[in-house]
$ cat protein24.pdb   # PDB, C-alpha atoms
MODEL        1
ATOM      1  CA  MET A  14     -21.726 -14.026  -9.805
ATOM      2  CA  ASP A  15     -23.005 -11.267  -7.514
ATOM      3  CA  VAL A  16     -20.726  -8.296  -8.203
ATOM      4  CA  LEU A  17     -20.440  -4.700  -7.054
ATOM      5  CA  ILE A  18     -19.149  -2.038  -9.416
ATOM      6  CA  VAL A  19     -17.720   1.087  -7.815
ATOM      7  CA  GLY A  20     -17.500   3.970 -10.267
ATOM      8  CA  ALA A  21     -20.335   2.632 -12.412
ATOM      9  CA  THR A  22     -21.263   6.022 -13.886
ATOM     10  CA  GLY A  23     -17.769   6.753 -15.202
ATOM     11  CA  ARG A  24     -16.770   6.027 -18.787
ATOM     12  CA  THR A  25     -15.005   2.785 -17.899
ATOM     13  CA  GLY A  26     -17.476   1.957 -15.136
ATOM     14  CA  ARG A  27     -20.464   2.080 -17.496
ATOM     15  CA  LEU A  28     -18.734  -0.392 -19.790
ATOM     16  CA  LEU A  29     -18.016  -2.631 -16.812
ATOM     17  CA  THR A  30     -21.668  -2.478 -15.815
ATOM     18  CA  GLN A  31     -22.950  -3.221 -19.313
ATOM     19  CA  GLY A  32     -20.448  -6.023 -19.794
ATOM     20  CA  ALA A  33     -21.213  -7.624 -16.440
ATOM     21  CA  LEU A  34     -24.920  -7.674 -17.266
ATOM     22  CA  GLU A  35     -24.253  -9.168 -20.700
ATOM     23  CA  ARG A  36     -22.249 -11.943 -19.032
ATOM     24  CA  GLY A  37     -25.160 -12.779 -16.772
ATOM     25  CA  HIS A  38     -23.812 -11.414 -13.508
ATOM     26  CA  ASP A  39     -26.061  -9.916 -10.839
ATOM     27  CA  VAL A  40     -24.848  -6.328 -10.626
ATOM     28  CA  THR A  41     -24.952  -3.798  -7.811
ATOM     29  CA  ALA A  42     -23.776  -0.243  -8.512
ATOM     30  CA  LEU A  43     -22.629   2.230  -5.869
ATOM     31  CA  VAL A  44     -23.313   5.687  -7.298
ATOM     32  CA  ARG A  45     -23.754   9.213  -6.026
ATOM     33  CA  ASP A  46     -26.355  10.084  -8.661
ATOM     34  CA  PRO A  47     -28.524   7.185  -9.929
ATOM     35  CA  LEU A  48     -29.790   9.355 -12.798
ATOM     36  CA  LYS A  49     -26.338   9.137 -14.381
ATOM     37  CA  LEU A  50     -26.843   5.396 -14.847
ATOM     38  CA  GLY A  51     -29.507   6.119 -17.445
ATOM     39  CA  ASP A  52     -31.171   2.982 -18.777
ATOM     40  CA  LEU A  53     -28.823   0.799 -16.724
ATOM     41  CA  ALA A  54     -30.535   1.872 -13.495
ATOM     42  CA  SER A  55     -33.464  -0.485 -14.048
ATOM     43  CA  ARG A  56     -31.162  -3.454 -14.662
ATOM     44  CA  VAL A  57     -28.954  -3.240 -11.580
ATOM     45  CA  GLN A  58     -29.384  -2.942  -7.849
ATOM     46  CA  VAL A  59     -28.557   0.662  -7.035
ATOM     47  CA  VAL A  60     -26.983   1.795  -3.774
ATOM     48  CA  THR A  61     -26.930   5.580  -3.597
ATOM     49  CA  GLY A  62     -23.931   6.964  -1.763
ATOM     50  CA  ASP A  63     -20.356   8.173  -1.903
ATOM     51  CA  VAL A  64     -17.401   5.802  -1.907
ATOM     52  CA  LEU A  65     -15.886   8.017   0.796
ATOM     53  CA  ASP A  66     -18.855   7.174   3.049
ATOM     54  CA  GLY A  67     -17.982   3.963   4.871
ATOM     55  CA  GLY A  68     -21.624   3.251   5.684
ATOM     56  CA  ALA A  69     -22.740   3.475   2.059
ATOM     57  CA  VAL A  70     -19.854   1.274   0.968
ATOM     58  CA  SER A  71     -20.732  -1.281   3.643
ATOM     59  CA  ASP A  72     -24.325  -1.431   2.399
ATOM     60  CA  ALA A  73     -23.131  -1.916  -1.173
ATOM     61  CA  VAL A  74     -20.555  -4.614  -0.382
ATOM     62  CA  HIS A  75     -22.836  -6.670   1.870
ATOM     63  CA  GLY A  76     -23.798  -9.890   0.085
ATOM     64  CA  ARG A  77     -21.486  -9.385  -2.886
ATOM     65  CA  GLU A  78     -19.001 -12.024  -4.053
ATOM     66  CA  ALA A  79     -16.675  -9.694  -5.954
ATOM     67  CA  VAL A  80     -15.982  -5.971  -6.305
ATOM     68  CA  LEU A  81     -14.659  -4.082  -9.332
ATOM     69  CA  VAL A  82     -13.348  -0.568  -8.708
ATOM     70  CA  ALA A  83     -12.992   1.928 -11.577
ATOM     71  CA  LEU A  84     -12.730   5.353  -9.991
ATOM     72  CA  SER A  85     -11.372   8.529 -11.540
ATOM     73  CA  ALA A  86      -8.316  10.196 -10.036
ATOM     74  CA  SER A  87      -8.185  13.982  -9.744
ATOM     75  CA  HIS A  88      -5.115  15.952 -10.820
ATOM     76  CA  ARG A  89      -5.934  18.796  -8.400
ATOM     77  CA  ARG A  90      -3.548  19.000  -5.457
ATOM     78  CA  ASN A  91      -6.233  19.666  -2.839
ATOM     79  CA  ALA A  92      -8.689  17.058  -4.107
ATOM     80  CA  PRO A  93      -9.572  14.140  -1.807
ATOM     81  CA  ALA A  94      -7.715  10.900  -2.513
ATOM     82  CA  VAL A  95     -10.837   9.163  -3.795
ATOM     83  CA  ASN A  96      -9.102   6.011  -5.003
ATOM     84  CA  ALA A  97      -7.038   5.520  -1.851
ATOM     85  CA  LEU A  98      -9.738   6.359   0.684
ATOM     86  CA  GLY A  99     -12.659   4.894  -1.240
ATOM     87  CA  THR A 100     -10.915   1.621  -2.003
ATOM     88  CA  LEU A 101      -9.835   1.344   1.626
ATOM     89  CA  ASN A 102     -13.527   1.557   2.572
ATOM     90  CA  VAL A 103     -14.230  -1.218   0.065
ATOM     91  CA  ILE A 104     -11.448  -3.398   1.472
ATOM     92  CA  ARG A 105     -12.623  -2.988   5.053
ATOM     93  CA  SER A 106     -16.188  -3.882   4.098
ATOM     94  CA  MET A 107     -15.055  -6.904   2.096
ATOM     95  CA  GLN A 108     -13.025  -8.117   5.057
ATOM     96  CA  ARG A 109     -16.007  -7.588   7.341
ATOM     97  CA  TYR A 110     -18.426  -9.577   5.186
ATOM     98  CA  GLY A 111     -16.065 -12.215   3.833
ATOM     99  CA  ALA A 112     -16.077 -11.129   0.182
ATOM    100  CA  ARG A 113     -12.832 -12.208  -1.495
ATOM    101  CA  ARG A 114     -12.393 -11.077  -5.122
ATOM    102  CA  LEU A 115     -11.239  -7.492  -5.677
ATOM    103  CA  ILE A 116     -10.264  -6.060  -9.067
ATOM    104  CA  VAL A 117      -9.134  -2.428  -9.252
ATOM    105  CA  LEU A 118      -8.212  -0.111 -12.108
ATOM    106  CA  SER A 119      -4.906   1.742 -11.864
ATOM    107  CA  ALA A 120      -2.225   3.135 -14.182
ATOM    108  CA  SER A 121       1.398   2.620 -15.134
ATOM    109  CA  GLY A 122       2.371   6.006 -13.686
ATOM    110  CA  THR A 123       2.323   4.524 -10.186
ATOM    111  CA  ARG A 124       5.834   3.155 -10.713
ATOM    112  CA  PRO A 125       8.317   5.003  -8.459
ATOM    113  CA  GLY A 126      11.367   6.370 -10.220
ATOM    114  CA  ARG A 127      12.193   6.145 -13.910
ATOM    115  CA  ASP A 128      10.072   3.903 -16.119
ATOM    116  CA  PRO A 129      12.034   2.920 -19.251
ATOM    117  CA  ASN A 130       8.811   2.041 -21.064
ATOM    118  CA  LEU A 131       7.418   5.575 -20.829
ATOM    119  CA  PRO A 132       8.536   8.598 -22.899
ATOM    120  CA  TRP A 133      11.099  10.733 -21.052
ATOM    121  CA  ILE A 134       8.949  13.876 -21.223
ATOM    122  CA  PHE A 135       6.004  12.056 -19.650
ATOM    123  CA  ASP A 136       8.013  10.276 -16.979
ATOM    124  CA  ARG A 137      10.114  13.270 -15.937
ATOM    125  CA  VAL A 138       7.850  16.261 -16.570
ATOM    126  CA  ILE A 139       4.177  15.491 -17.153
ATOM    127  CA  LYS A 140       3.830  12.791 -14.495
ATOM    128  CA  PRO A 141       5.374  14.659 -11.545
ATOM    129  CA  VAL A 142       4.293  18.188 -12.487
ATOM    130  CA  LEU A 143       0.791  17.742 -13.903
ATOM    131  CA  LEU A 144      -0.367  14.311 -12.769
ATOM    132  CA  GLY A 145       1.416  13.933  -9.440
ATOM    133  CA  PRO A 146      -1.670  14.005  -7.167
ATOM    134  CA  ALA A 147      -3.524  11.460  -9.319
ATOM    135  CA  TYR A 148      -0.651   8.989  -9.282
ATOM    136  CA  ASP A 149      -0.034   9.516  -5.570
ATOM    137  CA  ASP A 150      -3.693   8.633  -4.998
ATOM    138  CA  LEU A 151      -3.420   5.491  -7.130
ATOM    139  CA  ARG A 152      -0.135   4.507  -5.479
ATOM    140  CA  ARG A 153      -1.723   4.674  -2.035
ATOM    141  CA  MET A 154      -4.673   2.662  -3.299
ATOM    142  CA  GLU A 155      -2.380  -0.040  -4.655
ATOM    143  CA  THR A 156      -0.566  -0.279  -1.321
ATOM    144  CA  SER A 157      -3.839  -0.881   0.526
ATOM    145  CA  VAL A 158      -4.918  -3.480  -2.020
ATOM    146  CA  ARG A 159      -1.637  -5.400  -1.791
ATOM    147  CA  GLN A 160      -1.817  -5.417   2.004
ATOM    148  CA  SER A 161      -5.480  -6.497   2.121
ATOM    149  CA  GLU A 162      -4.976 -10.299   2.019
ATOM    150  CA  LEU A 163      -7.945 -10.457  -0.372
ATOM    151  CA  ASP A 164      -7.895 -12.221  -3.748
ATOM    152  CA  TRP A 165      -6.896  -9.044  -5.548
ATOM    153  CA  THR A 166      -5.789  -8.045  -9.025
ATOM    154  CA  ILE A 167      -4.582  -4.569  -9.999
ATOM    155  CA  VAL A 168      -5.081  -3.699 -13.683
ATOM    156  CA  ARG A 169      -2.669  -0.940 -14.757
ATOM    157  CA  VAL A 170      -3.383   0.927 -17.982
ATOM    158  CA  SER A 171      -0.098   1.369 -19.865
ATOM    159  CA  GLY A 172      -0.547   4.574 -21.854
ATOM    160  CA  ALA A 173      -3.724   6.499 -22.591
ATOM    161  CA  LEU A 174      -7.321   5.334 -22.306
ATOM    162  CA  THR A 175      -9.389   5.806 -25.450
ATOM    163  CA  ASP A 176     -13.116   5.605 -26.144
ATOM    164  CA  GLY A 177     -12.676   3.344 -29.159
ATOM    165  CA  PRO A 178     -14.341  -0.054 -29.595
ATOM    166  CA  ALA A 179     -12.999  -3.240 -28.084
ATOM    167  CA  ARG A 180     -10.498  -5.026 -30.310
ATOM    168  CA  GLY A 181     -10.336  -8.153 -28.196
ATOM    169  CA  VAL A 182      -6.590  -8.381 -28.837
ATOM    170  CA  TYR A 183      -4.137  -6.686 -26.484
ATOM    171  CA  ARG A 184      -1.102  -7.383 -24.330
ATOM    172  CA  SER A 185      -1.262  -8.058 -20.612
ATOM    173  CA  GLU A 186       1.529  -9.104 -18.278
ATOM    174  CA  PRO A 187       2.670  -8.461 -14.701
ATOM    175  CA  GLY A 188       4.403  -5.125 -14.188
ATOM    176  CA  TYR A 189       3.896  -1.381 -14.260
ATOM    177  CA  SER A 190       3.933  -0.809 -18.024
ATOM    178  CA  LEU A 191       4.549  -2.478 -21.383
ATOM    179  CA  PRO A 192       7.196  -1.604 -23.996
ATOM    180  CA  GLY A 193       5.529   0.444 -26.699
ATOM    181  CA  GLY A 194       2.279   0.474 -24.755
ATOM    182  CA  ARG A 195       0.788   3.840 -25.650
ATOM    183  CA  ARG A 196      -2.971   3.293 -25.501
ATOM    184  CA  ILE A 197      -5.877   0.924 -24.995
ATOM    185  CA  SER A 198      -9.634   1.395 -25.204
ATOM    186  CA  ARG A 199     -11.823   1.532 -22.142
ATOM    187  CA  ALA A 200     -13.898  -1.219 -23.739
ATOM    188  CA  ASP A 201     -10.951  -3.629 -23.783
ATOM    189  CA  VAL A 202      -9.966  -2.656 -20.237
ATOM    190  CA  ALA A 203     -13.511  -3.378 -19.059
ATOM    191  CA  GLU A 204     -13.504  -6.767 -20.795
ATOM    192  CA  HIS A 205     -10.148  -7.631 -19.229
ATOM    193  CA  MET A 206     -11.350  -6.673 -15.756
ATOM    194  CA  LEU A 207     -14.490  -8.763 -16.188
ATOM    195  CA  ASP A 208     -12.413 -11.714 -17.382
ATOM    196  CA  GLN A 209     -10.582 -11.543 -14.052
ATOM    197  CA  LEU A 210     -13.771 -12.582 -12.264
ATOM    198  CA  THR A 211     -13.297 -16.141 -13.475
ATOM    199  CA  LEU A 212      -9.542 -16.293 -14.145
ATOM    200  CA  LYS A 213      -7.238 -17.209 -11.274
ATOM    201  CA  GLY A 214      -3.789 -16.660 -12.777
ATOM    202  CA  ASP A 215      -3.571 -12.943 -11.965
ATOM    203  CA  ILE A 216      -4.747 -13.154  -8.358
ATOM    204  CA  GLY A 217      -2.185 -11.414  -6.184
ATOM    205  CA  HIS A 218      -0.618  -9.618  -9.165
ATOM    206  CA  ALA A 219      -0.589  -6.165 -10.715
ATOM    207  CA  VAL A 220      -0.762  -6.456 -14.494
ATOM    208  CA  ALA A 221      -0.133  -3.875 -17.202
ATOM    209  CA  ILE A 222      -2.440  -3.786 -20.216
ATOM    210  CA  ALA A 223      -2.008  -2.087 -23.600
ATOM    211  CA  TYR A 224      -2.136  -2.704 -27.357
TER     212      TYR A 224
ENDMDL
END
$ encode --input "protein24.pdb" --output "structure tokens"
Amino acid sequence: MDVLIVGATGRTGRLLTQGALERGHDVTALVRDPLKLGDLASRVQVVTGDVLDGGAVSDAVHGREAVLVALSASHRRNAPAVNALGTLNVIRSMQRYGARRLIVLSASGTRPGRDPNLPWIFDRVIKPVLLGPAYDDLRRMETSVRQSELDWTIVRVSGALTDGPARGVYRSEPGYSLPGGRRISRADVAEHMLDQLTLKGDIGHAVAIAY
């Protein structure tokens, strides 16, 4: 499959890129700095540009069958809403060119109100006080994705992302979070997102993932 990875130089994005290549996909990466791709740069088609630049996104999406988005969200209050604005650029370009499959990375903190699966201190203090801008950005992104009429799947990390190896065994089900879901490795998240390229059951759903 001809896929575009947005956020390919991030910690999860690099794993997505490596995994997509290992699975035999033709990979395009939209990156601001191609040097950050390292040895992957020679194995993918590189489009240099910012996800906030609609023209660069259009160039990257053109001809692709599917797009995977794994962008970081800033906790700073004055930072641009990269996930919301960048993913909206992706959606518009996909609609323009007829690409259908969209898989985006999000987090359980996007749930409005109290989440019984999250620790009280996180849900009531850390999330609104320290992580509010990041979750607002992701929440806006999710709204655009759900309204896009594309074949979308939102993958919500329930708990913390780790840099550990893939276990290949984890829980995944529709919803914002999972009971007892405290962590999952980026490697397993990347594998799950790549699995979505060929699985149909989660199209039109937001799923939580954790150990």
$ resolve_selection --input "protein24.pdb" --expression "the PyMOL selection byres ((chain A and resi 120) around 9)" --output "list in words"
Leu118, Ser119, Ser121, Gly122, Thr123, Arg124, Tyr148, Leu151, Val168, Arg169, Val170, Ser171, Gly172, Tyr189, Ser190 and Ala221 of chain A
$ resolve_selection --input "protein24.pdb" --expression "the PyMOL selection byres ((chain A and resi 161) around 12)" --output "PyMOL selection string"
chain A and resi 100-109+112-115+154-160+162-166+217
$ closest_residue --input "protein24.pdb" --among "A:His38, A:Arg152, A:Arg24, A:Arg77" --to "Ser198 of chain A" --atoms "all atoms listed in the file"
A:Arg24
$ atom_distance --input "protein24.pdb" --atom1 "atom CA of Pro132 of chain A" --atom2 "atom CA of Gly194 of chain A"
10.4 Å
$ atom_distance --input "protein24.pdb" --atom1 "atom CA of Ala200 of chain A" --atom2 "atom CA of Lys49 of chain A"
18.7 Å
$ atom_distance --input "protein24.pdb" --atom1 "atom CA of Pro187 of chain A" --atom2 "atom CA of Thr211 of chain A"
17.8 Å
$ closest_residue --input "protein24.pdb" --among "A:Asp128, A:Asp150, A:Glu35, A:Asp52" --to "Leu84 of chain A" --atoms "all atoms listed in the file"
A:Asp150
$ resolve_selection --input "protein24.pdb" --expression "the PyMOL selection byres ((chain A and resi 81) around 6)" --output "MDAnalysis selection string"
chainID A and resid 18 80 82 116:117
$ write_last_selection --input "protein24.pdb" --atoms "C-alpha atoms" --output "mmCIF file, keeping the file's coordinate frame"
data_model
loop_
_atom_site.group_PDB
_atom_site.id
_atom_site.type_symbol
_atom_site.label_atom_id
_atom_site.label_comp_id
_atom_site.auth_asym_id
_atom_site.auth_seq_id
_atom_site.Cartn_x
_atom_site.Cartn_y
_atom_site.Cartn_z
ATOM 1 C CA ILE A 18 -19.149 -2.038 -9.416
ATOM 2 C CA VAL A 80 -15.982 -5.971 -6.305
ATOM 3 C CA VAL A 82 -13.348 -0.568 -8.708
ATOM 4 C CA ILE A 116 -10.264 -6.060 -9.067
ATOM 5 C CA VAL A 117 -9.134 -2.428 -9.252
#
$ residues_around --input "protein24.pdb" --residues "Gly177 of chain A" --least-positions-apart "4" --cutoff "12 Å" --atoms "all atoms listed in the file" --output "list of chain:residue names"
A:Arg24, A:Thr25, A:Leu28, A:Ala173, A:Gly181, A:Arg196, A:Ile197, A:Ser198, A:Arg199, A:Ala200, A:Asp201, A:Val202
$ closest_residue --input "protein24.pdb" --among "A:Val70, A:Gly20, A:Glu78, A:Gly32" --to "Asp208 of chain A" --atoms "only C-alpha atoms"
A:Gly32
$ closest_residue --input "protein24.pdb" --among "A:Asp39, A:Asp66, A:Asp149, A:Glu204" --to "Val16 of chain A" --atoms "all atoms listed in the file"
A:Asp39
$ closest_residue --input "protein24.pdb" --among "A:Ala147, A:Ile222, A:Ile216, A:Ala73" --to "Arg184 of chain A" --atoms "only C-alpha atoms"
A:Ile222
$ closest_residue --input "protein24.pdb" --among "A:Asn96, A:Gln31, A:Gln209, A:Thr22" --to "Arg153 of chain A" --atoms "all atoms listed in the file"
A:Asn96
$ build_atoms --input "protein24.pdb" --residues "segment 198-209 of chain A" --atoms "N, CA and C atoms" --output "PDB file, keeping the file's coordinate frame"
ATOM      1  N   SER A 198      -8.270   0.881 -25.354  1.00  0.00           N
ATOM      2  CA  SER A 198      -9.634   1.395 -25.204  1.00  0.00           C
ATOM      3  C   SER A 198     -10.228   0.999 -23.860  1.00  0.00           C
ATOM      4  N   ARG A 199     -11.104   1.845 -23.377  1.00  0.00           N
ATOM      5  CA  ARG A 199     -11.823   1.532 -22.142  1.00  0.00           C
ATOM      6  C   ARG A 199     -12.618   0.234 -22.298  1.00  0.00           C
ATOM      7  N   ALA A 200     -13.110  -0.009 -23.497  1.00  0.00           N
ATOM      8  CA  ALA A 200     -13.898  -1.219 -23.739  1.00  0.00           C
ATOM      9  C   ALA A 200     -13.057  -2.473 -23.521  1.00  0.00           C
ATOM     10  N   ASP A 201     -11.812  -2.467 -23.997  1.00  0.00           N
ATOM     11  CA  ASP A 201     -10.951  -3.629 -23.783  1.00  0.00           C
ATOM     12  C   ASP A 201     -10.522  -3.746 -22.325  1.00  0.00           C
ATOM     13  N   VAL A 202     -10.304  -2.617 -21.668  1.00  0.00           N
ATOM     14  CA  VAL A 202      -9.966  -2.656 -20.237  1.00  0.00           C
ATOM     15  C   VAL A 202     -11.117  -3.265 -19.445  1.00  0.00           C
ATOM     16  N   ALA A 203     -12.341  -2.839 -19.758  1.00  0.00           N
ATOM     17  CA  ALA A 203     -13.511  -3.378 -19.059  1.00  0.00           C
ATOM     18  C   ALA A 203     -13.630  -4.883 -19.280  1.00  0.00           C
ATOM     19  N   GLU A 204     -13.425  -5.334 -20.515  1.00  0.00           N
ATOM     20  CA  GLU A 204     -13.504  -6.767 -20.795  1.00  0.00           C
ATOM     21  C   GLU A 204     -12.436  -7.534 -20.019  1.00  0.00           C
ATOM     22  N   HIS A 205     -11.236  -6.973 -19.959  1.00  0.00           N
ATOM     23  CA  HIS A 205     -10.148  -7.631 -19.229  1.00  0.00           C
ATOM     24  C   HIS A 205     -10.470  -7.724 -17.740  1.00  0.00           C
ATOM     25  N   MET A 206     -11.001  -6.650 -17.178  1.00  0.00           N
ATOM     26  CA  MET A 206     -11.350  -6.673 -15.756  1.00  0.00           C
ATOM     27  C   MET A 206     -12.444  -7.698 -15.484  1.00  0.00           C
ATOM     28  N   LEU A 207     -13.417  -7.785 -16.367  1.00  0.00           N
ATOM     29  CA  LEU A 207     -14.490  -8.763 -16.188  1.00  0.00           C
ATOM     30  C   LEU A 207     -13.974 -10.192 -16.345  1.00  0.00           C
ATOM     31  N   ASP A 208     -13.021 -10.383 -17.244  1.00  0.00           N
ATOM     32  CA  ASP A 208     -12.413 -11.714 -17.382  1.00  0.00           C
ATOM     33  C   ASP A 208     -11.785 -12.172 -16.069  1.00  0.00           C
ATOM     34  N   GLN A 209     -11.263 -11.207 -15.302  1.00  0.00           N
ATOM     35  CA  GLN A 209     -10.582 -11.543 -14.052  1.00  0.00           C
ATOM     36  C   GLN A 209     -11.526 -12.167 -13.020  1.00  0.00           C
TER      37      GLN A 209
END
